[in-house]
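Chemist: mmCIF, C-alpha atoms, saved as protein-v7.cif, coming up:
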data_structure
loop_
_atom_site.label_atom_id
_atom_site.label_comp_id
_atom_site.auth_asym_id
_atom_site.auth_seq_id
_atom_site.Cartn_x
_atom_site.Cartn_y
_atom_site.Cartn_z
CA SER A 398 0.00 0.00 0.00
CA GLN A 399 1.02 3.58 -0.49
CA THR A 400 2.24 5.79 2.32
CA ILE A 401 3.44 9.35 2.55
CA HIS A 402 5.93 10.62 5.10
CA GLN A 403 6.84 14.11 6.17
CA TRP A 404 9.52 15.31 8.54
CA PRO A 405 10.09 16.89 10.85
CA ALA A 406 6.71 16.96 12.58
CA THR A 407 7.46 20.25 14.30
CA LEU A 408 10.15 22.83 13.75
CA VAL A 409 11.06 26.10 15.43
CA GLN A 410 13.46 28.27 13.47
CA PRO A 411 14.73 31.85 13.90
CA VAL A 412 14.06 34.52 11.31
CA GLY A 413 16.70 34.48 8.59
CA SER A 414 17.60 30.81 9.00
CA PRO A 415 17.28 28.29 6.16
CA LEU A 416 14.54 25.71 5.87
CA SER A 417 14.29 22.21 4.45
CA LEU A 418 11.15 20.10 4.77
CA GLU A 419 11.12 16.66 3.24
CA CYS A 420 8.32 14.53 1.90
CA THR A 421 8.59 11.01 0.55
CA VAL A 422 6.04 8.63 -0.92
CA GLU A 423 6.22 4.85 -0.88
CA GLY A 424 4.35 2.23 -2.82
CA THR A 425 3.70 4.14 -6.01
CA SER A 426 5.66 5.50 -8.93
CA ASN A 427 5.50 8.71 -10.94
CA PRO A 428 3.05 10.44 -8.61
CA ASN A 429 1.99 14.06 -8.75
CA LEU A 430 3.36 15.77 -5.63
CA TYR A 431 2.08 18.87 -3.85
CA TRP A 432 3.05 21.26 -1.07
CA TYR A 433 0.32 23.18 0.76
CA ARG A 434 0.27 25.64 3.63
CA GLN A 435 -2.68 25.45 6.00
CA ALA A 436 -3.26 28.71 7.83
CA ALA A 437 -6.07 29.65 10.17
CA GLY A 438 -8.68 31.68 8.35
CA ARG A 439 -6.99 31.20 5.01
CA GLY A 440 -7.63 27.53 4.48
CA LEU A 441 -5.44 25.32 2.37
CA GLN A 442 -3.15 27.20 0.02
CA LEU A 443 -1.34 25.36 -2.76
CA LEU A 444 2.31 26.40 -2.86
CA PHE A 445 3.95 24.07 -5.39
CA TYR A 446 3.16 20.97 -7.39
CA SER A 447 5.25 18.63 -9.47
CA VAL A 448 4.32 16.16 -12.21
CA GLY A 449 7.82 14.69 -12.55
CA ILE A 450 11.46 14.84 -11.50
CA GLY A 451 12.78 18.36 -11.79
CA GLN A 452 9.37 19.74 -12.84
CA ILE A 453 8.04 22.30 -10.38
CA SER A 454 5.06 24.62 -10.75
CA SER A 455 4.76 27.53 -8.35
CA GLU A 456 1.33 28.78 -7.48
CA VAL A 457 2.18 31.62 -5.14
CA PRO A 458 5.24 33.89 -5.42
CA GLN A 459 6.96 33.89 -2.06
CA ASN A 460 10.04 33.22 -0.01
CA LEU A 461 9.89 29.46 -0.55
CA SER A 462 11.09 27.07 -3.24
CA ALA A 463 10.55 23.39 -4.00
CA SER A 464 12.59 20.66 -5.59
CA ARG A 465 12.01 17.09 -6.70
CA PRO A 466 15.37 15.36 -6.89
CA GLN A 467 13.86 11.87 -7.07
CA ASP A 468 10.57 10.45 -8.29
CA ARG A 469 9.07 10.07 -4.83
CA GLN A 470 10.85 12.85 -2.96
CA PHE A 471 9.62 16.42 -2.68
CA ILE A 472 11.50 19.08 -0.73
CA LEU A 473 10.33 22.51 0.43
CA SER A 474 13.10 25.01 1.09
CA SER A 475 13.88 28.56 2.01
CA LYS A 476 17.20 30.38 2.15
CA LYS A 477 16.00 32.89 4.76
CA LEU A 478 12.83 32.37 6.75
CA LEU A 479 10.41 35.20 7.46
CA LEU A 480 7.97 35.44 10.36
CA SER A 481 5.16 35.11 7.84
CA ASP A 482 6.43 31.65 6.84
CA SER A 483 5.07 30.22 10.08
CA GLY A 484 2.29 27.74 9.48
CA PHE A 485 1.33 24.14 8.98
CA TYR A 486 2.80 22.60 5.83
CA LEU A 487 1.21 19.64 4.15
CA CYS A 488 2.60 17.40 1.47
CA ALA A 489 0.26 15.36 -0.75
CA TRP A 490 0.44 12.99 -3.67
CA SER A 491 -1.99 11.82 -6.31
CA GLN A 492 -2.16 9.38 -9.18
CA ARG A 493 -2.62 10.83 -12.63
CA LEU A 494 -5.88 9.03 -13.39
CA THR A 495 -7.91 9.74 -10.28
CA TYR A 496 -6.33 12.94 -8.94
CA GLU A 497 -7.56 12.06 -5.46
CA GLN A 498 -4.96 13.56 -3.17
CA TYR A 499 -3.47 11.74 -0.21
CA PHE A 500 -2.04 13.94 2.50
CA GLY A 501 0.88 13.54 4.83
CA PRO A 502 0.80 14.25 8.58
CA GLY A 503 2.13 17.79 8.15
CA THR A 504 4.91 19.89 9.65
CA ARG A 505 4.20 22.68 12.12
CA LEU A 506 6.73 25.44 11.45
CA THR A 507 7.17 28.32 13.88
CA VAL A 508 9.49 31.13 12.89
CA THR A 509 10.62 33.19 15.87
CA ALA B 1049 -9.99 32.24 -12.77
CA GLN B 1050 -10.86 29.39 -10.49
CA ARG B 1051 -12.30 30.10 -7.07
CA VAL B 1052 -13.91 28.06 -4.33
CA THR B 1053 -15.93 29.84 -1.68
CA GLN B 1054 -17.02 28.39 1.63
CA PRO B 1055 -18.93 31.23 3.27
CA GLU B 1056 -19.09 29.73 6.77
CA LYS B 1057 -15.89 29.43 8.78
CA LEU B 1058 -17.75 27.90 11.71
CA LEU B 1059 -20.95 25.90 11.83
CA SER B 1060 -22.57 24.38 14.90
CA VAL B 1061 -25.54 22.03 14.86
CA PHE B 1062 -27.16 19.77 17.42
CA LYS B 1063 -26.85 16.02 17.19
CA GLY B 1064 -29.63 14.63 15.05
CA ALA B 1065 -30.24 17.91 13.23
CA PRO B 1066 -29.69 18.27 9.50
CA VAL B 1067 -26.44 19.85 8.38
CA GLU B 1068 -25.48 21.63 5.19
CA LEU B 1069 -22.01 22.95 4.48
CA LYS B 1070 -22.03 25.41 1.64
CA CYS B 1071 -19.62 25.51 -1.26
CA ASN B 1072 -19.80 27.75 -4.31
CA TYR B 1073 -17.32 27.78 -7.13
CA SER B 1074 -16.29 29.91 -10.04
CA TYR B 1075 -14.97 28.17 -13.14
CA SER B 1076 -15.70 28.66 -16.81
CA GLY B 1077 -15.41 25.00 -17.86
CA SER B 1078 -16.64 21.71 -16.41
CA PRO B 1079 -14.99 21.27 -13.03
CA GLU B 1080 -14.52 18.24 -10.87
CA LEU B 1081 -15.61 18.90 -7.27
CA PHE B 1082 -14.51 17.23 -4.08
CA TRP B 1083 -15.11 17.39 -0.34
CA TYR B 1084 -12.16 16.70 1.96
CA VAL B 1085 -12.41 16.26 5.72
CA GLN B 1086 -9.93 16.52 8.57
CA TYR B 1087 -10.94 14.96 11.87
CA SER B 1088 -9.15 15.89 15.06
CA ARG B 1089 -5.59 14.51 15.07
CA GLN B 1090 -6.05 12.82 11.72
CA ARG B 1091 -4.81 13.55 8.23
CA LEU B 1092 -6.81 15.44 5.67
CA GLN B 1093 -8.65 12.87 3.57
CA LEU B 1094 -11.10 12.65 0.73
CA LEU B 1095 -14.74 12.40 1.80
CA LEU B 1096 -16.46 12.31 -1.56
CA ARG B 1097 -16.26 13.47 -5.18
CA HIS B 1098 -19.16 14.56 -7.33
CA ILE B 1099 -18.53 12.12 -10.16
CA SER B 1100 -18.95 9.19 -7.78
CA ARG B 1101 -22.50 10.22 -6.85
CA GLU B 1102 -22.27 8.19 -3.68
CA SER B 1103 -23.09 8.71 -0.03
CA ILE B 1104 -20.17 8.52 2.37
CA LYS B 1105 -20.80 8.40 6.13
CA GLY B 1106 -24.31 9.62 5.38
CA PHE B 1107 -23.07 12.68 3.51
CA THR B 1108 -24.11 13.57 -0.01
CA ALA B 1109 -23.24 16.45 -2.31
CA ASP B 1110 -24.87 17.36 -5.59
CA LEU B 1111 -23.19 19.48 -8.20
CA ASN B 1112 -25.56 22.26 -9.26
CA LYS B 1113 -24.07 23.84 -12.35
CA GLY B 1114 -26.81 26.46 -12.57
CA GLU B 1115 -26.05 27.76 -9.10
CA THR B 1116 -22.36 26.78 -9.30
CA SER B 1117 -22.68 25.05 -5.95
CA PHE B 1118 -21.59 21.79 -4.38
CA HIS B 1119 -23.13 21.84 -0.92
CA LEU B 1120 -22.46 18.96 1.47
CA LYS B 1121 -25.50 17.61 3.28
CA LYS B 1122 -26.39 15.09 5.93
CA PRO B 1123 -29.91 14.60 7.27
CA PHE B 1124 -28.93 13.70 10.84
CA ALA B 1125 -25.65 14.98 12.23
CA GLN B 1126 -23.57 12.79 14.55
CA GLU B 1127 -20.95 13.86 17.08
CA GLU B 1128 -18.26 12.08 15.10
CA ASP B 1129 -18.98 14.40 12.16
CA SER B 1130 -17.27 17.24 14.01
CA ALA B 1131 -14.31 18.14 11.82
CA MET B 1132 -12.87 20.62 9.36
CA TYR B 1133 -14.39 20.33 5.90
CA TYR B 1134 -12.81 21.63 2.70
CA CYS B 1135 -14.43 21.93 -0.69
CA ALA B 1136 -12.05 21.59 -3.65
CA LEU B 1137 -12.17 22.01 -7.41
CA ARG B 1138 -10.10 20.55 -10.22
CA GLY B 1139 -10.25 22.30 -13.54
CA THR B 1140 -10.35 20.47 -16.86
CA GLY B 1141 -6.94 18.97 -17.59
CA ALA B 1142 -5.45 20.42 -14.41
CA ASN B 1143 -3.04 18.54 -12.20
CA ASN B 1144 -3.89 20.42 -9.03
CA LEU B 1145 -6.84 21.22 -6.79
CA PHE B 1146 -8.09 24.59 -5.57
CA PHE B 1147 -9.36 24.44 -2.03
CA GLY B 1148 -11.80 26.65 -0.20
CA THR B 1149 -10.98 28.16 3.16
CA GLY B 1150 -12.80 25.41 5.02
CA THR B 1151 -15.70 25.14 7.45
CA ARG B 1152 -15.28 23.84 10.96
CA LEU B 1153 -18.33 21.80 11.87
CA THR B 1154 -19.16 21.20 15.52
CA VAL B 1155 -21.94 18.79 16.40
CA ILE B 1156 -23.30 19.55 19.85
CA PRO B 1157 -24.37 16.49 21.86
#
The structure given in the file should be rewritten as structure tokens.
Modeler:
Amino acid sequence: SQTIHQWPATLVQPVGSPLSLECTVEGTSNPNLYWYRQAAGRGLQLLFYSVGIGQISSEVPQNLSASRPQDRQFILSSKKLLLSDSGFYLCAWSQRLTYEQYFGPGTRLTVT
Amino acid sequence: AQRVTQPEKLLSVFKGAPVELKCNYSYSGSPELFWYVQYSRQRLQLLLRHISRESIKGFTADLNKGETSFHLKKPFAQEEDSAMYYCALRGTGANNLFFGTGTRLTVIP
């Protein structure tokens, strides 16, 4: 069966520090991969999605970037965190035919 | 442009009462609509999709193209229905979903 992992579960980082959040999927190949930010009052905001290795689409211009170095690995990064980057980050995957998205457990990021 | 609107951030109903979570969308083509749910301390997960035309956990949702709505309904709410509900839209040929801002449903015992 397919599973999706995210780490770390929680992270506290100072303003100006770098960020790297990792997401991996098991049990499937060539998935679509997604990064979302879930903020109170703003719902679920799509940040990036990828349909293949090295292919990244950005939905919202911001301080973050994403990379897909391997088929089932999706990384969310920042060179310098801002206070406004605090939030709950969700990774998800989907198969091309059904597009039903399966979500990871999320990472709670607090920028201090 | 695609847009999904959930006008209610919070909704409280008594156990056994009917519940309706509203979702309106804006899209020029033929969209695919979904409802996702997040129970306390669980992952966000798919509840139902309009093309399936099925009832899940007693919930149904009908796509009304005339009113551009996809409201989620259940005739008798249960305490275990308390959760965060998100409506989502996939445009024709799109790889991604657009989510609404969500409605937190609380079922009062």
Chemist: Please enumerate the residues selected by the PyMOL selection byres ((chain B and resi 1087) around 12) when evaluated against the supplied file, formatted as a ChimeraX atom specification.
Modeler: /B:1084-1086,1088-1095,1127-1134,1152-1154
Chemist: Given the file shown, enumerate the residues that the PyMOL selection byres ((chain B and resi 1062) around 9) captures and present them as a compact mmCIF listing (two decimals) with C-alpha atoms, keeping the file's coordinate frame.
Modeler:
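Okay, this is what ended up in selection_31.txt:
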# COMPACT_ATOMS: atom_id res chain seq x y z
CA SER B 1060 -22.57 24.38 14.90
CA VAL B 1061 -25.54 22.03 14.86
CA LYS B 1063 -26.85 16.02 17.19
CA GLY B 1064 -29.63 14.63 15.05
CA ALA B 1065 -30.24 17.91 13.23
CA PRO B 1066 -29.69 18.27 9.50
CA ALA B 1125 -25.65 14.98 12.23
CA GLN B 1126 -23.57 12.79 14.55
CA GLU B 1127 -20.95 13.86 17.08
CA THR B 1154 -19.16 21.20 15.52
CA VAL B 1155 -21.94 18.79 16.40
CA ILE B 1156 -23.30 19.55 19.85
CA PRO B 1157 -24.37 16.49 21.86
Chemist: Nearest to chain A: which of B:Leu1059, B:Leu1096, B:Ala1109, B:Ala1049 is it, counting all atoms listed in the file?
Modeler: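 Nearest to chain A: B:Leu1096.
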Chemist: Counting all atoms listed in the file, which residue out of A:Gln492, A:Thr425, A:Gln470, A:Ser417 sits closest to Thr504 in chain A?
Modeler: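 Nearest to Thr504 in chain A: A:Ser417.
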Chemist: With 6 Å as the limit and counting only C-alpha atoms, what residues in chain A lie close to chain B? Please list them as a PyMOL selection string.
Modeler: chain A and resi 439-441+500+502
Chemist: Kindly resolve the PyMOL selection byres ((chain A and resi 449) around 8) on the present coordinates and return the residues as a list of chain:residue names.
Modeler: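 So the PyMOL selection byres ((chain A and resi 449) around 8), applied here, picks out A:Asn427, A:Pro428, A:Asn429, A:Ser447, A:Val448, A:Ile450, A:Gly451, A:Gln452, A:Ile453, A:Arg465, A:Asp468.
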Chemist: For Thr495 in chain A, which of B:Gly1106, B:Gly1141, B:Lys1113, B:Pro1123 is the closest residue, counting only C-alpha atoms?
Modeler: B:Gly1141
Chemist: Which polymer residues have any atom within 9 Å of an atom of Gln1050 in chain B, counting all atoms listed in the file, with same-chain residues fewer than 3 positions away left out, as a PyMOL selection string?
Modeler: chain B and resi 1073-1076+1137-1139+1146
